[in-house]
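So this block is data-v9.cif, mmCIF, C-alpha atoms:
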data_my_file
loop_
_atom_site.label_atom_id
_atom_site.label_comp_id
_atom_site.auth_asym_id
_atom_site.auth_seq_id
_atom_site.Cartn_x
_atom_site.Cartn_y
_atom_site.Cartn_z
CA MET S 1 -0.65 -2.20 -3.83
CA PRO S 2 3.02 -3.28 -3.99
CA GLY S 3 4.12 -6.32 -2.00
CA LEU S 4 5.24 -5.12 1.43
CA ALA S 5 7.33 -6.51 4.27
CA ILE S 6 6.80 -4.76 7.59
CA LEU S 7 9.65 -4.52 10.09
CA PHE S 8 9.27 -3.94 13.83
CA PRO S 9 11.97 -2.39 16.07
CA GLY S 10 13.33 -3.79 19.30
CA GLN S 11 14.42 -2.46 22.66
CA GLY S 12 16.44 0.74 22.37
CA ALA S 13 14.01 2.44 19.98
CA GLN S 14 11.99 4.02 22.82
CA TYR S 15 11.70 7.74 23.43
CA ILE S 16 9.36 10.01 25.39
CA GLY S 17 6.53 11.21 23.15
CA MET S 18 6.39 8.07 21.01
CA GLY S 19 2.85 7.31 19.89
CA ARG S 20 1.41 10.53 21.35
CA ASP S 21 0.56 12.34 18.11
CA LEU S 22 -0.72 9.16 16.49
CA ALA S 23 -3.06 8.52 19.42
CA ARG S 24 -4.21 12.14 19.27
CA ASP S 25 -5.16 11.84 15.61
CA PHE S 26 -6.37 8.23 15.24
CA GLN S 27 -8.96 6.31 17.23
CA ALA S 28 -7.35 3.00 16.19
CA ALA S 29 -4.12 4.01 17.92
CA ARG S 30 -5.94 5.23 21.03
CA GLU S 31 -7.71 1.89 21.29
CA VAL S 32 -4.41 -0.02 21.17
CA PHE S 33 -3.05 2.06 24.05
CA ARG S 34 -6.24 1.61 26.06
CA ARG S 35 -6.08 -2.16 25.65
CA ALA S 36 -2.39 -2.30 26.59
CA ASP S 37 -2.94 -0.11 29.67
CA ASP S 38 -5.79 -2.35 30.82
CA ALA S 39 -3.84 -5.56 30.16
CA LEU S 40 -0.79 -4.45 32.16
CA GLY S 41 -2.58 -2.49 34.85
CA VAL S 42 -0.07 0.29 34.17
CA LYS S 43 -0.65 3.62 32.41
CA LEU S 44 1.80 2.70 29.68
CA SER S 45 0.33 5.40 27.47
CA SER S 46 1.15 8.14 30.00
CA ILE S 47 4.75 6.95 30.29
CA CYS S 48 5.13 6.83 26.50
CA PHE S 49 3.48 10.18 25.83
CA ALA S 50 4.86 12.38 28.62
CA GLY S 51 6.67 10.32 31.24
CA GLU S 52 10.26 10.33 32.43
CA GLN S 53 12.91 8.72 30.24
CA ALA S 54 14.25 6.84 33.26
CA ASP S 55 10.85 5.19 33.75
CA LEU S 56 10.49 4.33 30.07
CA ASP S 57 13.97 2.77 30.10
CA ILE S 58 13.02 0.24 32.79
CA THR S 59 13.14 -3.00 30.80
CA GLU S 60 9.75 -4.23 32.07
CA ILE S 61 8.20 -0.99 30.75
CA THR S 62 10.35 -0.60 27.64
CA GLN S 63 9.44 -3.91 26.05
CA PRO S 64 5.62 -3.64 26.25
CA ALA S 65 5.86 0.08 25.41
CA VAL S 66 7.78 -0.44 22.17
CA LEU S 67 5.44 -3.29 21.21
CA THR S 68 2.34 -1.20 21.94
CA VAL S 69 3.52 1.79 19.90
CA SER S 70 4.45 -0.52 17.03
CA ILE S 71 1.02 -2.16 16.99
CA ALA S 72 -0.71 1.24 17.28
CA VAL S 73 1.13 2.31 14.12
CA TRP S 74 0.24 -0.96 12.39
CA GLU S 75 -3.46 -0.62 13.20
CA VAL S 76 -3.49 2.86 11.67
CA LEU S 77 -1.70 1.56 8.57
CA LYS S 78 -4.30 -1.20 8.23
CA GLU S 79 -7.08 1.40 8.38
CA GLU S 80 -5.31 3.15 5.50
CA GLY S 81 -5.55 -0.03 3.43
CA ILE S 82 -1.99 -1.25 3.90
CA ARG S 83 -1.49 -5.02 3.79
CA ALA S 84 1.65 -7.03 4.44
CA GLU S 85 3.07 -10.01 2.55
CA MET S 86 5.41 -10.87 5.44
CA ALA S 87 6.96 -9.40 8.56
CA ALA S 88 10.00 -9.55 10.80
CA GLY S 89 11.07 -7.85 14.01
CA LEU S 90 14.41 -7.31 15.70
CA SER S 91 14.51 -9.35 18.93
CA LEU S 92 11.58 -7.89 20.92
CA GLY S 93 10.17 -6.75 17.57
CA GLU S 94 9.51 -10.36 16.62
CA TYR S 95 6.69 -10.34 19.17
CA SER S 96 5.22 -7.23 17.50
CA ALA S 97 5.40 -9.05 14.16
CA LEU S 98 3.54 -12.03 15.65
CA VAL S 99 0.79 -9.72 16.95
CA ALA S 100 0.49 -8.06 13.54
CA ALA S 101 0.23 -11.48 11.88
CA GLY S 102 -2.41 -12.70 14.33
CA ALA S 103 -0.37 -15.35 16.18
CA LEU S 104 -0.65 -13.35 19.42
CA ASP S 105 -3.36 -11.00 20.67
CA LEU S 106 -2.20 -7.64 22.01
CA GLU S 107 -3.14 -8.31 25.63
CA THR S 108 -1.25 -11.61 25.73
CA ALA S 109 1.74 -10.03 24.00
CA VAL S 110 2.20 -7.07 26.35
CA ARG S 111 1.97 -9.33 29.40
CA LEU S 112 4.32 -11.84 27.81
CA VAL S 113 7.04 -9.35 26.90
CA ALA S 114 6.81 -7.73 30.35
CA ALA S 115 7.44 -11.19 31.84
CA ARG S 116 10.24 -11.75 29.29
CA ALA S 117 11.84 -8.46 30.36
CA LYS S 118 11.73 -9.42 34.03
CA ILE S 119 13.26 -12.83 33.29
CA MET S 120 16.03 -11.26 31.20
CA GLN S 121 16.81 -8.58 33.79
CA LYS S 122 17.32 -11.02 36.65
CA ALA S 123 19.20 -13.62 34.58
CA VAL S 124 22.67 -12.10 34.91
CA PRO S 125 23.97 -10.02 37.86
CA GLU S 126 24.53 -6.33 37.13
CA GLY S 127 28.05 -5.75 35.84
CA ARG S 128 28.77 -9.32 34.74
CA GLY S 129 27.55 -9.00 31.17
CA LEU S 130 28.33 -6.65 28.30
CA MET S 131 27.25 -6.07 24.72
CA ALA S 132 29.25 -4.15 22.13
CA ALA S 133 28.91 -3.11 18.50
CA VAL S 134 31.69 -4.00 16.08
CA LEU S 135 32.01 -2.00 12.85
CA GLY S 136 34.11 -2.43 9.76
CA LEU S 137 35.00 -6.12 9.92
CA ALA S 138 33.75 -9.27 8.19
CA GLU S 139 31.79 -11.73 10.30
CA GLU S 140 34.54 -14.36 9.98
CA VAL S 141 37.02 -11.98 11.67
CA VAL S 142 34.55 -11.27 14.49
CA GLU S 143 33.85 -14.97 14.96
CA GLU S 144 37.57 -15.74 15.19
CA ALA S 145 38.13 -13.00 17.78
CA CYS S 146 35.22 -14.29 19.87
CA ASN S 147 36.60 -17.83 19.70
CA LYS S 148 40.00 -16.64 20.94
CA ALA S 149 38.50 -14.43 23.64
CA SER S 150 36.31 -17.26 24.95
CA ALA S 151 39.29 -18.33 27.07
CA ALA S 152 38.34 -15.34 29.25
CA GLY S 153 34.63 -16.29 29.46
CA VAL S 154 31.43 -16.49 27.43
CA VAL S 155 31.41 -14.31 24.31
CA GLY S 156 29.85 -14.63 20.86
CA ILE S 157 27.98 -12.85 18.11
CA ALA S 158 24.58 -11.57 19.23
CA ASN S 159 23.38 -9.73 16.11
CA TYR S 160 24.27 -9.89 12.43
CA ASN S 161 22.80 -6.43 11.73
CA CYS S 162 24.11 -5.57 8.26
CA PRO S 163 27.39 -5.83 6.32
CA GLU S 164 30.28 -4.97 8.63
CA GLN S 165 27.99 -4.18 11.59
CA ILE S 166 27.85 -6.92 14.19
CA VAL S 167 27.02 -6.97 17.91
CA ILE S 168 28.82 -9.25 20.34
CA SER S 169 27.57 -10.28 23.78
CA GLY S 170 28.69 -12.22 26.84
CA GLU S 171 30.73 -11.89 30.00
CA LYS S 172 32.34 -8.48 30.38
CA ALA S 173 35.97 -9.65 30.53
CA ALA S 174 35.57 -11.84 27.46
CA VAL S 175 33.75 -9.16 25.45
CA LEU S 176 36.48 -6.64 26.27
CA GLU S 177 39.17 -9.12 25.26
CA ALA S 178 37.37 -9.74 21.97
CA GLY S 179 37.19 -5.97 21.55
CA ARG S 180 40.94 -5.66 21.98
CA LEU S 181 41.52 -8.27 19.28
CA LEU S 182 38.98 -6.65 16.97
CA GLN S 183 40.55 -3.23 17.32
CA GLU S 184 43.94 -4.78 16.52
CA ALA S 185 42.29 -6.16 13.37
CA GLY S 186 41.24 -2.64 12.36
CA GLY S 187 37.63 -2.62 13.53
CA ARG S 188 35.69 -0.17 15.69
CA PHE S 189 34.54 -1.49 19.06
CA MET S 190 31.77 0.32 20.95
CA PRO S 191 30.37 -1.04 24.25
CA LEU S 192 26.60 -0.55 24.47
CA LYS S 193 24.63 0.89 27.37
CA VAL S 194 22.59 -2.23 28.09
CA SER S 195 22.51 -4.20 31.32
CA VAL S 196 21.53 -7.60 29.88
CA PRO S 197 23.88 -9.65 27.64
CA SER S 198 21.09 -10.67 25.27
CA HIS S 199 21.46 -13.35 22.61
CA SER S 200 24.35 -15.02 24.41
CA ARG S 201 24.78 -18.37 26.15
CA LEU S 202 24.43 -16.53 29.47
CA MET S 203 20.68 -16.43 28.72
CA VAL S 204 20.13 -20.20 28.39
CA GLU S 205 18.63 -20.62 31.88
CA ALA S 206 16.48 -17.52 31.40
CA ALA S 207 15.25 -18.97 28.11
CA GLU S 208 13.96 -22.06 29.90
CA GLU S 209 12.12 -19.83 32.37
CA LEU S 210 10.60 -18.00 29.41
CA ARG S 211 9.45 -21.36 28.02
CA SER S 212 7.12 -21.78 31.00
CA GLU S 213 5.48 -18.44 30.10
CA LEU S 214 5.23 -19.34 26.41
CA ARG S 215 3.51 -22.63 27.24
CA LYS S 216 0.55 -20.64 28.62
CA VAL S 217 -0.05 -18.95 25.25
CA GLU S 218 -2.90 -19.91 22.94
CA TRP S 219 -1.42 -19.22 19.52
CA GLY S 220 -3.60 -17.87 16.74
CA GLU S 221 -3.37 -18.57 13.03
CA MET S 222 -0.95 -16.30 11.17
CA SER S 223 -2.39 -14.28 8.28
CA PHE S 224 1.07 -13.79 6.73
CA PRO S 225 4.52 -15.29 7.39
CA VAL S 226 6.86 -13.98 10.09
CA VAL S 227 10.59 -14.45 9.57
CA SER S 228 12.50 -15.88 12.52
CA ASN S 229 15.47 -14.10 14.11
CA VAL S 230 17.02 -17.49 14.79
CA THR S 231 16.72 -19.15 11.37
CA ALA S 232 16.20 -16.17 9.01
CA GLY S 233 13.40 -18.27 7.51
CA GLU S 234 9.63 -18.33 7.97
CA LEU S 235 8.39 -19.39 11.39
CA ASP S 236 6.56 -22.70 11.45
CA PRO S 237 3.42 -22.24 13.60
CA GLY S 238 4.28 -25.47 15.42
CA GLU S 239 7.71 -24.17 16.39
CA LEU S 240 6.83 -20.73 17.78
CA GLU S 241 7.53 -21.65 21.39
CA GLN S 242 10.91 -23.24 20.62
CA ARG S 243 12.10 -20.44 18.33
CA LEU S 244 11.20 -17.73 20.86
CA VAL S 245 13.06 -19.68 23.56
CA GLU S 246 16.11 -19.98 21.29
CA GLN S 247 15.89 -16.29 20.40
CA LEU S 248 17.08 -15.33 23.91
CA TYR S 249 20.46 -17.07 23.52
CA CYS S 250 20.97 -17.41 19.75
CA PRO S 251 22.22 -14.67 17.40
CA VAL S 252 19.69 -12.40 15.70
CA ARG S 253 20.23 -12.97 11.97
CA TRP S 254 18.82 -9.65 10.83
CA GLN S 255 20.91 -9.19 7.69
CA GLN S 256 20.07 -12.73 6.61
CA SER S 257 16.37 -12.12 7.33
CA ILE S 258 16.28 -9.04 5.08
CA GLU S 259 18.16 -10.95 2.39
CA TYR S 260 15.59 -13.76 2.65
CA MET S 261 12.61 -11.39 2.31
CA SER S 262 14.09 -9.10 -0.32
CA PRO S 263 13.35 -11.27 -3.41
CA GLN S 264 9.79 -11.91 -2.21
CA VAL S 265 8.56 -8.33 -1.70
CA ASP S 266 8.72 -4.98 -3.45
CA TYR S 267 9.32 -2.76 -0.42
CA PHE S 268 10.14 -2.66 3.29
CA ILE S 269 8.44 -0.36 5.83
CA GLU S 270 9.66 0.09 9.40
CA VAL S 271 6.62 0.20 11.70
CA GLY S 272 7.11 1.68 15.18
CA PRO S 273 9.38 4.06 17.06
CA GLY S 274 12.68 5.20 15.57
CA LYS S 275 14.61 4.62 12.36
CA THR S 276 17.16 2.02 13.46
CA LEU S 277 15.93 -0.72 11.16
CA SER S 278 15.63 1.68 8.22
CA GLY S 279 19.32 2.47 8.65
CA LEU S 280 20.18 -1.24 8.56
CA VAL S 281 17.97 -1.96 5.54
CA LYS S 282 19.66 0.86 3.62
CA LYS S 283 22.92 -1.05 3.96
CA ILE S 284 21.39 -4.34 2.83
CA SER S 285 18.69 -3.47 0.28
CA ARG S 286 18.55 0.31 -0.16
CA GLN S 287 16.31 0.38 -3.25
CA GLN S 288 13.49 -1.46 -1.42
CA LEU S 289 13.18 0.81 1.62
CA ILE S 290 10.07 3.01 1.59
CA GLY S 291 10.71 4.51 5.04
CA ASN S 292 9.53 4.35 8.64
CA VAL S 293 6.14 5.16 10.16
CA GLU S 294 5.98 6.35 13.76
CA ASP S 295 3.76 9.47 13.73
CA PRO S 296 1.27 11.35 11.50
CA VAL S 297 4.04 13.08 9.52
CA THR S 298 5.90 9.89 8.60
CA LEU S 299 2.56 8.16 7.96
CA THR S 300 1.68 10.77 5.34
CA GLU S 301 5.11 10.52 3.72
CA VAL S 302 5.04 6.73 3.45
CA LEU S 303 1.45 6.58 2.18
CA LYS S 304 2.33 9.11 -0.52
CA LYS S 305 5.31 7.03 -1.64
CA LEU S 306 3.29 3.81 -1.63
CA ARG S 307 0.43 5.25 -3.60
CA GLY S 308 2.90 6.71 -6.08
CA ALA S 309 4.40 3.23 -6.50
CA GLU S 310 1.10 1.57 -7.41
#

Will you turn the file into structure tokens for me?
Amino acid sequence: MPGLAILFPGQGAQYIGMGRDLARDFQAAREVFRRADDALGVKLSSICFAGEQADLDITEITQPAVLTVSIAVWEVLKEEGIRAEMAAGLSLGEYSALVAAGALDLETAVRLVAARAKIMQKAVPEGRGLMAAVLGLAEEVVEEACNKASAAGVVGIANYNCPEQIVISGEKAAVLEAGRLLQEAGGRFMPLKVSVPSHSRLMVEAAEELRSELRKVEWGEMSFPVVSNVTAGELDPGELEQRLVEQLYCPVRWQQSIEYMSPQVDYFIEVGPGKTLSGLVKKISRQQLIGNVEDPVTLTEVLKKLRGAE
């Protein structure tokens, strides 16, 4: 089997119907949903399979839902003989990666990310924060614009997604001022439909509240390395709490994480709902992307490609 890195999506990947066909066809997936439902005391499976989009988009539901679907897919892949050399996840997805690696059990993880979601949602009053995608500019140009716009409030880079695709985050007035400067520099500026200015300094107090939740966790031993959003290097088991605290207010170094993993593995597979990460990997390391797995059809496609690569 080729050396694989598995990648887990974050918030925003959710859609009604995710996980439904996989749970229909595979007992391993059904068991993951049963455990998550029991752990949360919420019929997460019903919301994912056939609920209302508005309910699924509630942050306290979204985060455990995306994690649960991702782990359901991973458990099916494991049954098919797939093994990982390393893993990473985008923001929320880092928790999925830690479950897959064995650092967290599923029940602890779904409760933890639901608490994380609640902490994030109440951290900044509605309307104060803003996130926006910036396309077509080098990171140095974006950094300079954020520095200039910081006279209007908190603003900085939240995600280094891939070459010339960066997300900025902070106070609305400052983000809009940075956007004006970036458009003058020839870039595209697109405000995002999110209510929480994640990965900005506005989340520092929330991060300390999250620390109190993380201190309750009994960490397990990791069976393969997980690459940190904060450092774009392998997570030290002794630093899990600190790195997950920092993740709330530090930039997600996704491009750098893929570049770190790329020489160490043969292929990347996106595991969980959507194809967002596959789109980013194509712009960083196209030749190593096998594809995404989110349902029985994509499972069959990816397994065929993997077995053809042996």

Selection near range 222-227 of chain S, 8 Å with all atoms listed in the file, sequence-local residues under 4 positions removed, as a PyMOL selection string | chain S and resi 84-89+94+97-98+101-103+231-235+237+257

Contacts of Gly19 in chain S within 9 Å, all atoms listed in the file, excl. fewer than 2 positions in-chain, as a PyMOL selection string = chain S and resi 16-17+21-24+29+33+45+48-49+68-70+72-73+272-273+294-295

Would you output that residue set with C-alpha atoms, as a PDB file, in the frame of the given file?
ATOM      1  CA  ILE S  16       9.360  10.010  25.390  1.00  0.00           C
ATOM      2  CA  GLY S  17       6.530  11.210  23.150  1.00  0.00           C
ATOM      3  CA  ASP S  21       0.560  12.340  18.110  1.00  0.00           C
ATOM      4  CA  LEU S  22      -0.720   9.160  16.490  1.00  0.00           C
ATOM      5  CA  ALA S  23      -3.060   8.520  19.420  1.00  0.00           C
ATOM      6  CA  ARG S  24      -4.210  12.140  19.270  1.00  0.00           C
ATOM      7  CA  ALA S  29      -4.120   4.010  17.920  1.00  0.00           C
ATOM      8  CA  PHE S  33      -3.050   2.060  24.050  1.00  0.00           C
ATOM      9  CA  SER S  45       0.330   5.400  27.470  1.00  0.00           C
ATOM     10  CA  CYS S  48       5.130   6.830  26.500  1.00  0.00           C
ATOM     11  CA  PHE S  49       3.480  10.180  25.830  1.00  0.00           C
ATOM     12  CA  THR S  68       2.340  -1.200  21.940  1.00  0.00           C
ATOM     13  CA  VAL S  69       3.520   1.790  19.900  1.00  0.00           C
ATOM     14  CA  SER S  70       4.450  -0.520  17.030  1.00  0.00           C
ATOM     15  CA  ALA S  72      -0.710   1.240  17.280  1.00  0.00           C
ATOM     16  CA  VAL S  73       1.130   2.310  14.120  1.00  0.00           C
ATOM     17  CA  GLY S 272       7.110   1.680  15.180  1.00  0.00           C
ATOM     18  CA  PRO S 273       9.380   4.060  17.060  1.00  0.00           C
ATOM     19  CA  GLU S 294       5.980   6.350  13.760  1.00  0.00           C
ATOM     20  CA  ASP S 295       3.760   9.470  13.730  1.00  0.00           C
TER      21      ASP S 295
END

Could you expand the PyMOL selection byres ((chain S and resi 111) around 12) into the explicit residues it covers here, written as a PyMOL selection string?
-> chain S and resi 35-42+60-61+63-65+67-68+95+104-110+112-118+213-214+216-217

Given the file shown, enumerate the residues that the PyMOL selection byres ((chain S and resi 119) around 12) captures and present them as a PyMOL selection string.
-> chain S and resi 59-60+112-118+120-125+196+198+203-213+245+248

Do you have the CA of Met261 in chain S-CA of Gly93 in chain S distance handy?
-> 16.1 Å

Neighbourhood query: residues within 8 Å of (28.9, -12.6, 31.6), file coordinates, counting all atoms listed in the file; return as a PDB file with C-alpha atoms, in the coordinates of the input.
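What follows is the written file part24.pdb:
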ATOM      1  CA  VAL S 124      22.670 -12.100  34.910  1.00  0.00           C
ATOM      2  CA  ARG S 128      28.770  -9.320  34.740  1.00  0.00           C
ATOM      3  CA  GLY S 129      27.550  -9.000  31.170  1.00  0.00           C
ATOM      4  CA  LEU S 130      28.330  -6.650  28.300  1.00  0.00           C
ATOM      5  CA  GLY S 153      34.630 -16.290  29.460  1.00  0.00           C
ATOM      6  CA  VAL S 154      31.430 -16.490  27.430  1.00  0.00           C
ATOM      7  CA  VAL S 155      31.410 -14.310  24.310  1.00  0.00           C
ATOM      8  CA  GLY S 170      28.690 -12.220  26.840  1.00  0.00           C
ATOM      9  CA  GLU S 171      30.730 -11.890  30.000  1.00  0.00           C
ATOM     10  CA  LYS S 172      32.340  -8.480  30.380  1.00  0.00           C
ATOM     11  CA  ALA S 173      35.970  -9.650  30.530  1.00  0.00           C
ATOM     12  CA  ALA S 174      35.570 -11.840  27.460  1.00  0.00           C
ATOM     13  CA  PRO S 197      23.880  -9.650  27.640  1.00  0.00           C
ATOM     14  CA  LEU S 202      24.430 -16.530  29.470  1.00  0.00           C
TER      15      LEU S 202
END

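The space between CA of Arg253 in chain S and CA of Arg180 in chain S spans 24.1 Å.
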
Proximity to Pro263 in chain S - best of S:Ser96, S:Ala5, S:Gly220, S:Glu241, only C-alpha atoms =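 Under the stated criterion, the closest residue is S:Ala5.
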
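What separates CA of Tyr249 in chain S from CA of Asp55 in chain S is a distance of 26.3 Å.
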
For the interface of range 250-296 of chain S with range 161-164 of chain S (cut-off 7 Å, counting all atoms listed in the file), please tabulate each contacting residue of range 250-296 of chain S alongside its nearest pair of atoms and their separation in Å to one decimal, rows sorted by chain and increasing number, as JSON lines.
{"residue": "S:Trp254", "atom": "CA", "partner": "S:Asn161", "partner_atom": "CA", "distance": 5.2}
{"residue": "S:Gln255", "atom": "CA", "partner": "S:Cys162", "partner_atom": "CA", "distance": 4.9}
{"residue": "S:Leu280", "atom": "CA", "partner": "S:Cys162", "partner_atom": "CA", "distance": 5.9}
{"residue": "S:Lys283", "atom": "CA", "partner": "S:Cys162", "partner_atom": "CA", "distance": 6.4}
{"residue": "S:Ile284", "atom": "CA", "partner": "S:Cys162", "partner_atom": "CA", "distance": 6.2}

Shortest interatomic distance to Val76 in chain S - which of S:Leu181, S:Val271, S:Leu306, S:Val194, counting only C-alpha atoms =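 So, comparing all the options, the nearest one is S:Val271.
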
Of the candidates S:Val230, S:Ala149, S:Ala50, S:Ala309, which one gets nearest to Asp266 in chain S if we count all atoms listed in the file?
->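 Going through S:Val230, S:Ala149, S:Ala50, S:Ala309 one by one, the smallest distance to Asp266 in chain S is for S:Ala309.
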
Close residues, Glu139 in chain S itself excluded, 10 Å, all atoms listed in the file, min 5 positions apart in chain, as a PDB file with C-alpha atoms, in the coordinates of the input:
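Below is the file that was written, out-v4.pdb:
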ATOM      1  CA  VAL S 134      31.690  -4.000  16.080  1.00  0.00           C
ATOM      2  CA  GLU S 144      37.570 -15.740  15.190  1.00  0.00           C
ATOM      3  CA  ALA S 145      38.130 -13.000  17.780  1.00  0.00           C
ATOM      4  CA  ILE S 157      27.980 -12.850  18.110  1.00  0.00           C
ATOM      5  CA  TYR S 160      24.270  -9.890  12.430  1.00  0.00           C
ATOM      6  CA  PRO S 163      27.390  -5.830   6.320  1.00  0.00           C
ATOM      7  CA  GLU S 164      30.280  -4.970   8.630  1.00  0.00           C
ATOM      8  CA  GLN S 165      27.990  -4.180  11.590  1.00  0.00           C
ATOM      9  CA  ILE S 166      27.850  -6.920  14.190  1.00  0.00           C
TER      10      ILE S 166
END

May I have the protein, DNA and RNA residues with any atom at most 6 Å from the point (20.4, -14.4, 18.1), counting all atoms listed in the file, written as a ChimeraX atom specification?
-> /S:158-159,199,230,247,250-252

Residue with smallest distance to Gln264 in chain S - pool S:Ala185, S:Leu92, S:Glu239, S:Gln288, counting all atoms listed in the file =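 Residue with the minimum atom-to-atom distance to Gln264 in chain S: S:Gln288.
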
Give, as JSON, the centre coordinates and the x, y and z edge lengths in Å to one decimal for an axis-aligned box around all listed atoms of range 21-40 of chain S, padded by 8 Å on each side.
{"center_x": -4.2, "center_y": 3.4, "center_z": 23.7, "size_x": 25.5, "size_y": 33.9, "size_z": 32.9}

For Gly186 in chain S, which residue out of S:Leu277, S:Val141, S:Ala132, S:Ile6 is the nearest one, using only C-alpha atoms?
-> S:Val141

Starting from the incomplete input, reconstruct N, CA and C atoms of range 15-26 of chain S and write that as a CSV table (one decimal), keeping the file's coordinate frame.
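Final output, rebuild-v6.csv:
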chain,number,residue,atom,x,y,z
S,15,TYR,N,11.4,6.3,23.1
S,15,TYR,CA,11.7,7.7,23.4
S,15,TYR,C,10.4,8.4,24.0
S,16,ILE,N,10.5,9.3,24.8
S,16,ILE,CA,9.4,10.0,25.4
S,16,ILE,C,8.7,10.8,24.3
S,17,GLY,N,7.3,10.6,24.2
S,17,GLY,CA,6.5,11.2,23.2
S,17,GLY,C,6.1,10.2,22.1
S,18,MET,N,6.7,9.0,22.1
S,18,MET,CA,6.4,8.1,21.0
S,18,MET,C,4.9,7.7,21.1
S,19,GLY,N,4.3,7.7,20.0
S,19,GLY,CA,2.8,7.3,19.9
S,19,GLY,C,1.9,8.4,20.2
S,20,ARG,N,2.3,9.5,20.9
S,20,ARG,CA,1.4,10.5,21.4
S,20,ARG,C,0.6,11.2,20.2
S,21,ASP,N,1.3,11.6,19.2
S,21,ASP,CA,0.6,12.3,18.1
S,21,ASP,C,-0.3,11.4,17.3
S,22,LEU,N,0.1,10.2,17.2
S,22,LEU,CA,-0.7,9.2,16.5
S,22,LEU,C,-2.0,8.9,17.3
S,23,ALA,N,-1.9,8.8,18.6
S,23,ALA,CA,-3.1,8.5,19.4
S,23,ALA,C,-4.0,9.7,19.4
S,24,ARG,N,-3.4,10.9,19.3
S,24,ARG,CA,-4.2,12.1,19.3
S,24,ARG,C,-5.1,12.2,18.0
S,25,ASP,N,-4.5,11.7,16.9
S,25,ASP,CA,-5.2,11.8,15.6
S,25,ASP,C,-6.0,10.6,15.2
S,26,PHE,N,-5.7,9.5,15.7
S,26,PHE,CA,-6.4,8.2,15.2
S,26,PHE,C,-7.0,7.4,16.4
